[in-house]
Amino acid sequence: MTHTFSVNGYSIALDVFSGAVHVADKVSLEAIKLYETKSREEVTGLLLEQFPDEEGLSPASINELLDTLDSLKKAGKLYSSDDYIHNAPSKRSGGHVVKAMCLHVAHACNLACSYCFAGQGKYQGQAALMSLETGKKALDFLIAHSGKRRNLEVDFFGGEPLLNWDVVKGVVAYGRALEKKHNKVFRFTLTTNGVALNDEMIAYCNKEMHNVVLSLDGRREVHDRFRVDHQGKGSYDSIVPKFQELVKQRGETGYYIRGTYTRDNLDFLEDVKHMADLGFTQLSMEPVVSANDDPDALQDADLPKLYEQYEQLAVEMLKRKRRKRGFDFYHYNIDLEHGPCIHKRLSGCGSGTEYLAVTPQGDLYPCHQFVGDEEYKVGTLDRGIQNTALQDEFANNTLSAHPECKDCWAQLYCAGGCAANALHATGSIHGVYRFGCELFKKRIECALMLQAALQEDKEQSA
Amino acid sequence: MKIKTLETRDLKASMEQGGCGECQTSCGVANQPCEQEQE
């Protein structure tokens, strides 16, 4: 399967199952589209008819072009088949090795963001803080179930994890003491709204956290519309200087400024630019996760505007990179040469198997977005996985469990999508969140265009 | 007329080479660098 598209003047063909990416001119791209279904004579006639003013276009030059396509097909870089995927067992099935945990150290929050998927941090339950004992048990559970995996990930999440700061530090210290003994490496990460952040926390995070996710929605008026405290006061002025200080001390990597956009800021590019203008370079901006009847929920009618924003974002990034004032956007960070292997692309995010969320009480869920839905509780730290049927259902929720994805060109970039999004949109974790698919595909096209443009820049400056 | 092919990881070859599971948990799979490939 080959997907062809044009963004920002770049004509690109992605060969889905080999992963090859070809940058073409408009005539070549049209030839790539026609090649599989037309004879050489038909392709020649159609191209001459479609591009009558194209300089140098002749039956001979088209013949040469088609020879190139023959070679690429023979090399397995165009029109490649997915046979190899179906004929080999996945190395990642069976055993249910756990390698990552989301520790809900606080089901409480010092903000009351109305769009919060976690119900202002309490996940439809009572406010609660995780004890150090439970945090330690979680790390013991992770090590005991991690098999041969060496890199283990623990994200401090909430609610607001800084409301349980001593437990965060206690869990990190406990983890560091276990590393050598078990030949493991813990990558601790933390997601915060920044309100409680102080100098001691900044220094500690910059020493111990592999990555920090800092919540900021962009422009002051956008951020303060939703991200307010319990008295209704916006948090922008309080958090921005602290985030700037954290990043200044941390350096340019290992953090993301992470925003949420809603129907109220479909022009989210302005918010991304604002983040960059504040001096941040690692940026992420995500569509809101909310019920369809929520007035702030994104709708199909918004898609054209969002496509335009994503394309303009890619163009803006290119412009700034060329001026040596660039920034990275999470969804556009793809590494074509050293990206994920086919096993990762087929198995997805690992929710419910490799990845579990732990509540303050020590209950286990497939991921943070399922917490609070009792139907999706898979077990506890004390008793282990009890609902093995549910865990098996998640283990089998790989790309091949989504028949709707079979003919989609983006399947090896999204692996069937997010189970929680699918559940909320369709009532089943095996469903497909179509609105999310559309945004995802646009982002991948923009990311591939950026790769093509940056490669071109590199060649021109060499 | 021209076609330029970018350097990309051969996904078919990664069926044999990949699968170690040491890469970072996504939470798409597009944005995760491969641990083996980075070394």
# chains A, B, ... in the order shown; residues from 1 in each chain; ligands from 1
$ interface_residues --of "chain A" --to "chain B" --cutoff "6 Å" --atoms "only C-alpha atoms" --output "PyMOL selection string"
chain A and resi 18-24+91+151+333-334+336-343+349+413-414
$ write_last_selection --atoms "N, CA, C and O atoms" --output "mmCIF file, in the first residue's frame"
data_model
loop_
_atom_site.group_PDB
_atom_site.id
_atom_site.type_symbol
_atom_site.label_atom_id
_atom_site.label_comp_id
_atom_site.auth_asym_id
_atom_site.auth_seq_id
_atom_site.Cartn_x
_atom_site.Cartn_y
_atom_site.Cartn_z
ATOM 1 N N SER A 18 6.820 -1.023 4.020
ATOM 2 C CA SER A 18 8.288 -1.018 4.113
ATOM 3 C C SER A 18 8.761 0.155 4.956
ATOM 4 O O SER A 18 9.872 0.135 5.485
ATOM 5 N N GLY A 19 7.916 1.197 5.053
ATOM 6 C CA GLY A 19 8.303 2.405 5.787
ATOM 7 C C GLY A 19 9.033 3.410 4.916
ATOM 8 O O GLY A 19 9.408 4.486 5.390
ATOM 9 N N ALA A 20 9.253 3.085 3.632
ATOM 10 C CA ALA A 20 10.005 3.988 2.754
ATOM 11 C C ALA A 20 9.219 5.274 2.481
ATOM 12 O O ALA A 20 7.988 5.255 2.378
ATOM 13 N N VAL A 21 9.964 6.382 2.374
ATOM 14 C CA VAL A 21 9.359 7.685 2.088
ATOM 15 C C VAL A 21 10.044 8.267 0.857
ATOM 16 O O VAL A 21 11.275 8.359 0.810
ATOM 17 N N HIS A 22 9.236 8.650 -0.131
ATOM 18 C CA HIS A 22 9.769 9.196 -1.380
ATOM 19 C C HIS A 22 9.264 10.616 -1.570
ATOM 20 O O HIS A 22 8.065 10.878 -1.419
ATOM 21 N N VAL A 23 10.182 11.508 -1.908
ATOM 22 C CA VAL A 23 9.807 12.891 -2.207
ATOM 23 C C VAL A 23 9.883 13.049 -3.722
ATOM 24 O O VAL A 23 10.917 12.742 -4.335
ATOM 25 N N ALA A 24 8.785 13.486 -4.319
ATOM 26 C CA ALA A 24 8.693 13.489 -5.782
ATOM 27 C C ALA A 24 8.272 14.861 -6.290
ATOM 28 O O ALA A 24 7.888 15.733 -5.515
ATOM 29 N N LYS A 91 6.774 -10.886 18.716
ATOM 30 C CA LYS A 91 7.686 -11.168 19.829
ATOM 31 C C LYS A 91 7.145 -10.586 21.126
ATOM 32 O O LYS A 91 7.711 -10.775 22.179
ATOM 33 N N ASN A 151 14.755 -1.221 31.217
ATOM 34 C CA ASN A 151 14.268 0.155 31.380
ATOM 35 C C ASN A 151 12.835 0.144 31.895
ATOM 36 O O ASN A 151 11.929 -0.311 31.203
ATOM 37 N N ASN A 333 7.733 14.874 15.959
ATOM 38 C CA ASN A 333 9.033 14.249 16.213
ATOM 39 C C ASN A 333 8.991 12.805 15.735
ATOM 40 O O ASN A 333 8.612 11.908 16.486
ATOM 41 N N ILE A 334 9.345 12.583 14.488
ATOM 42 C CA ILE A 334 9.457 11.194 14.048
ATOM 43 C C ILE A 334 10.866 10.976 13.518
ATOM 44 O O ILE A 334 11.439 11.853 12.882
ATOM 45 N N LEU A 336 12.790 8.793 11.123
ATOM 46 C CA LEU A 336 12.577 7.835 10.035
ATOM 47 C C LEU A 336 13.627 6.732 10.025
ATOM 48 O O LEU A 336 13.331 5.589 9.696
ATOM 49 N N GLU A 337 14.858 7.078 10.405
ATOM 50 C CA GLU A 337 15.937 6.086 10.326
ATOM 51 C C GLU A 337 15.996 5.172 11.539
ATOM 52 O O GLU A 337 16.388 4.021 11.434
ATOM 53 N N HIS A 338 15.647 5.725 12.713
ATOM 54 C CA HIS A 338 15.827 4.949 13.942
ATOM 55 C C HIS A 338 14.546 4.904 14.766
ATOM 56 O O HIS A 338 14.583 4.895 15.986
ATOM 57 N N GLY A 339 13.431 4.876 14.082
ATOM 58 C CA GLY A 339 12.140 4.866 14.765
ATOM 59 C C GLY A 339 11.762 3.479 15.239
ATOM 60 O O GLY A 339 12.571 2.548 15.215
ATOM 61 N N PRO A 340 10.531 3.320 15.682
ATOM 62 C CA PRO A 340 10.110 2.050 16.278
ATOM 63 C C PRO A 340 10.122 0.886 15.283
ATOM 64 O O PRO A 340 9.879 1.067 14.091
ATOM 65 N N CYS A 341 10.403 -0.305 15.811
ATOM 66 C CA CYS A 341 10.402 -1.520 14.994
ATOM 67 C C CYS A 341 8.961 -1.935 14.685
ATOM 68 O O CYS A 341 8.006 -1.392 15.244
ATOM 69 N N ILE A 342 8.829 -2.917 13.835
ATOM 70 C CA ILE A 342 7.493 -3.349 13.411
ATOM 71 C C ILE A 342 6.700 -3.943 14.579
ATOM 72 O O ILE A 342 5.479 -3.808 14.656
ATOM 73 N N HIS A 343 7.389 -4.566 15.529
ATOM 74 C CA HIS A 343 6.676 -5.171 16.667
ATOM 75 C C HIS A 343 5.967 -4.101 17.490
ATOM 76 O O HIS A 343 4.828 -4.275 17.909
ATOM 77 N N CYS A 349 0.361 0.856 22.377
ATOM 78 C CA CYS A 349 0.913 1.528 23.561
ATOM 79 C C CYS A 349 1.144 0.587 24.733
ATOM 80 O O CYS A 349 1.838 0.944 25.678
ATOM 81 N N TYR A 413 1.756 3.792 12.055
ATOM 82 C CA TYR A 413 2.157 4.946 12.863
ATOM 83 C C TYR A 413 1.286 5.074 14.104
ATOM 84 O O TYR A 413 1.675 5.694 15.077
ATOM 85 N N CYS A 414 0.066 4.516 14.058
ATOM 86 C CA CYS A 414 -0.815 4.683 15.224
ATOM 87 C C CYS A 414 -1.135 3.364 15.910
ATOM 88 O O CYS A 414 -1.597 3.362 17.043
#
$ residues_around --residues "A:Ala389" --least-positions-apart "5" --cutoff "10 Å" --atoms "only C-alpha atoms" --output "compact mmCIF listing (two decimals) with all heavy atoms, in the first residue's frame"
# COMPACT_ATOMS: atom_id res chain seq x y z
N VAL A 378 -8.33 -4.07 36.90
CA VAL A 378 -7.79 -5.39 36.56
C VAL A 378 -7.22 -6.13 37.76
O VAL A 378 -6.97 -7.33 37.69
CB VAL A 378 -6.70 -5.31 35.45
CG1 VAL A 378 -7.29 -4.94 34.12
CG2 VAL A 378 -5.58 -4.37 35.84
N PHE A 394 -7.07 -6.69 26.57
CA PHE A 394 -6.16 -5.60 26.22
C PHE A 394 -4.94 -6.12 25.47
O PHE A 394 -4.45 -5.49 24.53
CB PHE A 394 -5.73 -4.83 27.47
CG PHE A 394 -6.70 -3.74 27.85
CD1 PHE A 394 -7.82 -4.03 28.63
CD2 PHE A 394 -6.53 -2.44 27.41
CE1 PHE A 394 -8.74 -3.04 28.95
CE2 PHE A 394 -7.44 -1.44 27.73
CZ PHE A 394 -8.55 -1.74 28.50
N ALA A 395 -4.44 -7.29 25.89
CA ALA A 395 -3.26 -7.85 25.22
C ALA A 395 -3.56 -8.14 23.75
O ALA A 395 -2.68 -8.01 22.89
CB ALA A 395 -2.82 -9.13 25.93
$ residues_around --residues "stretch 250-255 of chain A" --least-positions-apart "3" --cutoff "6 Å" --atoms "only C-alpha atoms" --output "PyMOL selection string"
chain A and resi 206+211-213+246-247
$ decode --residues "stretch 355-368 of chain A" --atoms "all heavy atoms" --output "short mmCIF file (atom, residue, chain, number, x, y, z; two decimals), in the first residue's frame"
data_model
loop_
_atom_site.label_atom_id
_atom_site.label_comp_id
_atom_site.auth_asym_id
_atom_site.auth_seq_id
_atom_site.Cartn_x
_atom_site.Cartn_y
_atom_site.Cartn_z
N TYR A 355 1.75 -1.62 30.46
CA TYR A 355 1.53 -0.33 31.13
C TYR A 355 0.30 -0.43 32.02
O TYR A 355 -0.77 -0.84 31.57
CB TYR A 355 1.33 0.74 30.05
CG TYR A 355 0.96 2.12 30.53
CD1 TYR A 355 1.68 2.75 31.53
CD2 TYR A 355 -0.11 2.80 29.97
CE1 TYR A 355 1.35 4.03 31.95
CE2 TYR A 355 -0.45 4.09 30.37
CZ TYR A 355 0.28 4.69 31.36
OH TYR A 355 -0.05 5.95 31.78
N LEU A 356 0.46 -0.07 33.30
CA LEU A 356 -0.67 -0.09 34.23
C LEU A 356 -0.71 1.21 35.02
O LEU A 356 0.33 1.83 35.27
CB LEU A 356 -0.53 -1.25 35.23
CG LEU A 356 -0.62 -2.68 34.67
CD1 LEU A 356 -0.23 -3.70 35.74
CD2 LEU A 356 -2.03 -2.98 34.15
N ALA A 357 -1.91 1.61 35.41
CA ALA A 357 -2.06 2.76 36.30
C ALA A 357 -2.40 2.25 37.70
O ALA A 357 -3.12 1.26 37.85
CB ALA A 357 -3.18 3.66 35.80
N VAL A 358 -1.85 2.92 38.71
CA VAL A 358 -2.04 2.53 40.11
C VAL A 358 -2.74 3.66 40.85
O VAL A 358 -2.25 4.80 40.85
CB VAL A 358 -0.69 2.24 40.79
CG1 VAL A 358 -0.91 1.66 42.18
CG2 VAL A 358 0.16 1.31 39.95
N THR A 359 -3.86 3.37 41.48
CA THR A 359 -4.60 4.41 42.22
C THR A 359 -3.97 4.62 43.60
O THR A 359 -3.14 3.81 44.04
CB THR A 359 -6.07 4.01 42.42
OG1 THR A 359 -6.12 2.91 43.35
CG2 THR A 359 -6.72 3.61 41.10
N PRO A 360 -4.36 5.68 44.30
CA PRO A 360 -3.82 5.90 45.66
C PRO A 360 -4.06 4.70 46.59
O PRO A 360 -3.28 4.46 47.51
CB PRO A 360 -4.58 7.13 46.14
CG PRO A 360 -4.93 7.88 44.90
CD PRO A 360 -5.22 6.81 43.88
N GLN A 361 -5.13 3.95 46.33
CA GLN A 361 -5.45 2.80 47.19
C GLN A 361 -4.72 1.53 46.74
O GLN A 361 -4.84 0.48 47.39
CB GLN A 361 -6.96 2.53 47.16
CG GLN A 361 -7.82 3.65 47.72
CD GLN A 361 -8.01 4.82 46.76
OE1 GLN A 361 -7.78 4.69 45.55
NE2 GLN A 361 -8.41 5.96 47.28
N GLY A 362 -3.99 1.59 45.61
CA GLY A 362 -3.27 0.41 45.14
C GLY A 362 -4.06 -0.45 44.16
O GLY A 362 -3.68 -1.59 43.89
N ASP A 363 -5.15 0.09 43.62
CA ASP A 363 -5.89 -0.64 42.59
C ASP A 363 -5.19 -0.46 41.24
O ASP A 363 -4.58 0.58 40.98
CB ASP A 363 -7.33 -0.13 42.49
CG ASP A 363 -8.13 -0.45 43.74
OD1 ASP A 363 -7.76 -1.40 44.46
OD2 ASP A 363 -9.12 0.26 44.01
N LEU A 364 -5.32 -1.47 40.38
CA LEU A 364 -4.65 -1.45 39.08
C LEU A 364 -5.67 -1.30 37.95
O LEU A 364 -6.69 -1.99 37.93
CB LEU A 364 -3.87 -2.76 38.87
CG LEU A 364 -2.76 -3.05 39.89
CD1 LEU A 364 -2.19 -4.45 39.67
CD2 LEU A 364 -1.65 -2.01 39.80
N TYR A 365 -5.36 -0.41 37.01
CA TYR A 365 -6.20 -0.17 35.83
C TYR A 365 -5.32 -0.24 34.58
O TYR A 365 -4.10 -0.04 34.66
CB TYR A 365 -6.87 1.20 35.93
CG TYR A 365 -8.01 1.26 36.92
CD1 TYR A 365 -7.77 1.47 38.28
CD2 TYR A 365 -9.32 1.07 36.51
CE1 TYR A 365 -8.82 1.51 39.19
CE2 TYR A 365 -10.38 1.11 37.41
CZ TYR A 365 -10.12 1.33 38.75
OH TYR A 365 -11.16 1.36 39.64
N PRO A 366 -5.94 -0.46 33.41
CA PRO A 366 -5.14 -0.58 32.18
C PRO A 366 -4.34 0.67 31.83
O PRO A 366 -3.28 0.58 31.24
CB PRO A 366 -6.19 -0.86 31.10
CG PRO A 366 -7.36 -1.41 31.83
CD PRO A 366 -7.36 -0.74 33.17
N CYS A 367 -4.87 1.85 32.14
CA CYS A 367 -4.09 3.08 31.99
C CYS A 367 -4.81 4.18 32.74
O CYS A 367 -5.90 3.98 33.26
CB CYS A 367 -3.85 3.44 30.51
SG CYS A 367 -5.07 4.53 29.76
N HIS A 368 -4.18 5.35 32.80
CA HIS A 368 -4.72 6.45 33.61
C HIS A 368 -6.11 6.88 33.16
O HIS A 368 -6.88 7.40 33.96
CB HIS A 368 -3.76 7.63 33.58
CG HIS A 368 -3.39 8.07 32.20
ND1 HIS A 368 -2.52 7.36 31.41
CD2 HIS A 368 -3.79 9.12 31.46
CE1 HIS A 368 -2.40 7.97 30.25
NE2 HIS A 368 -3.16 9.04 30.24
#
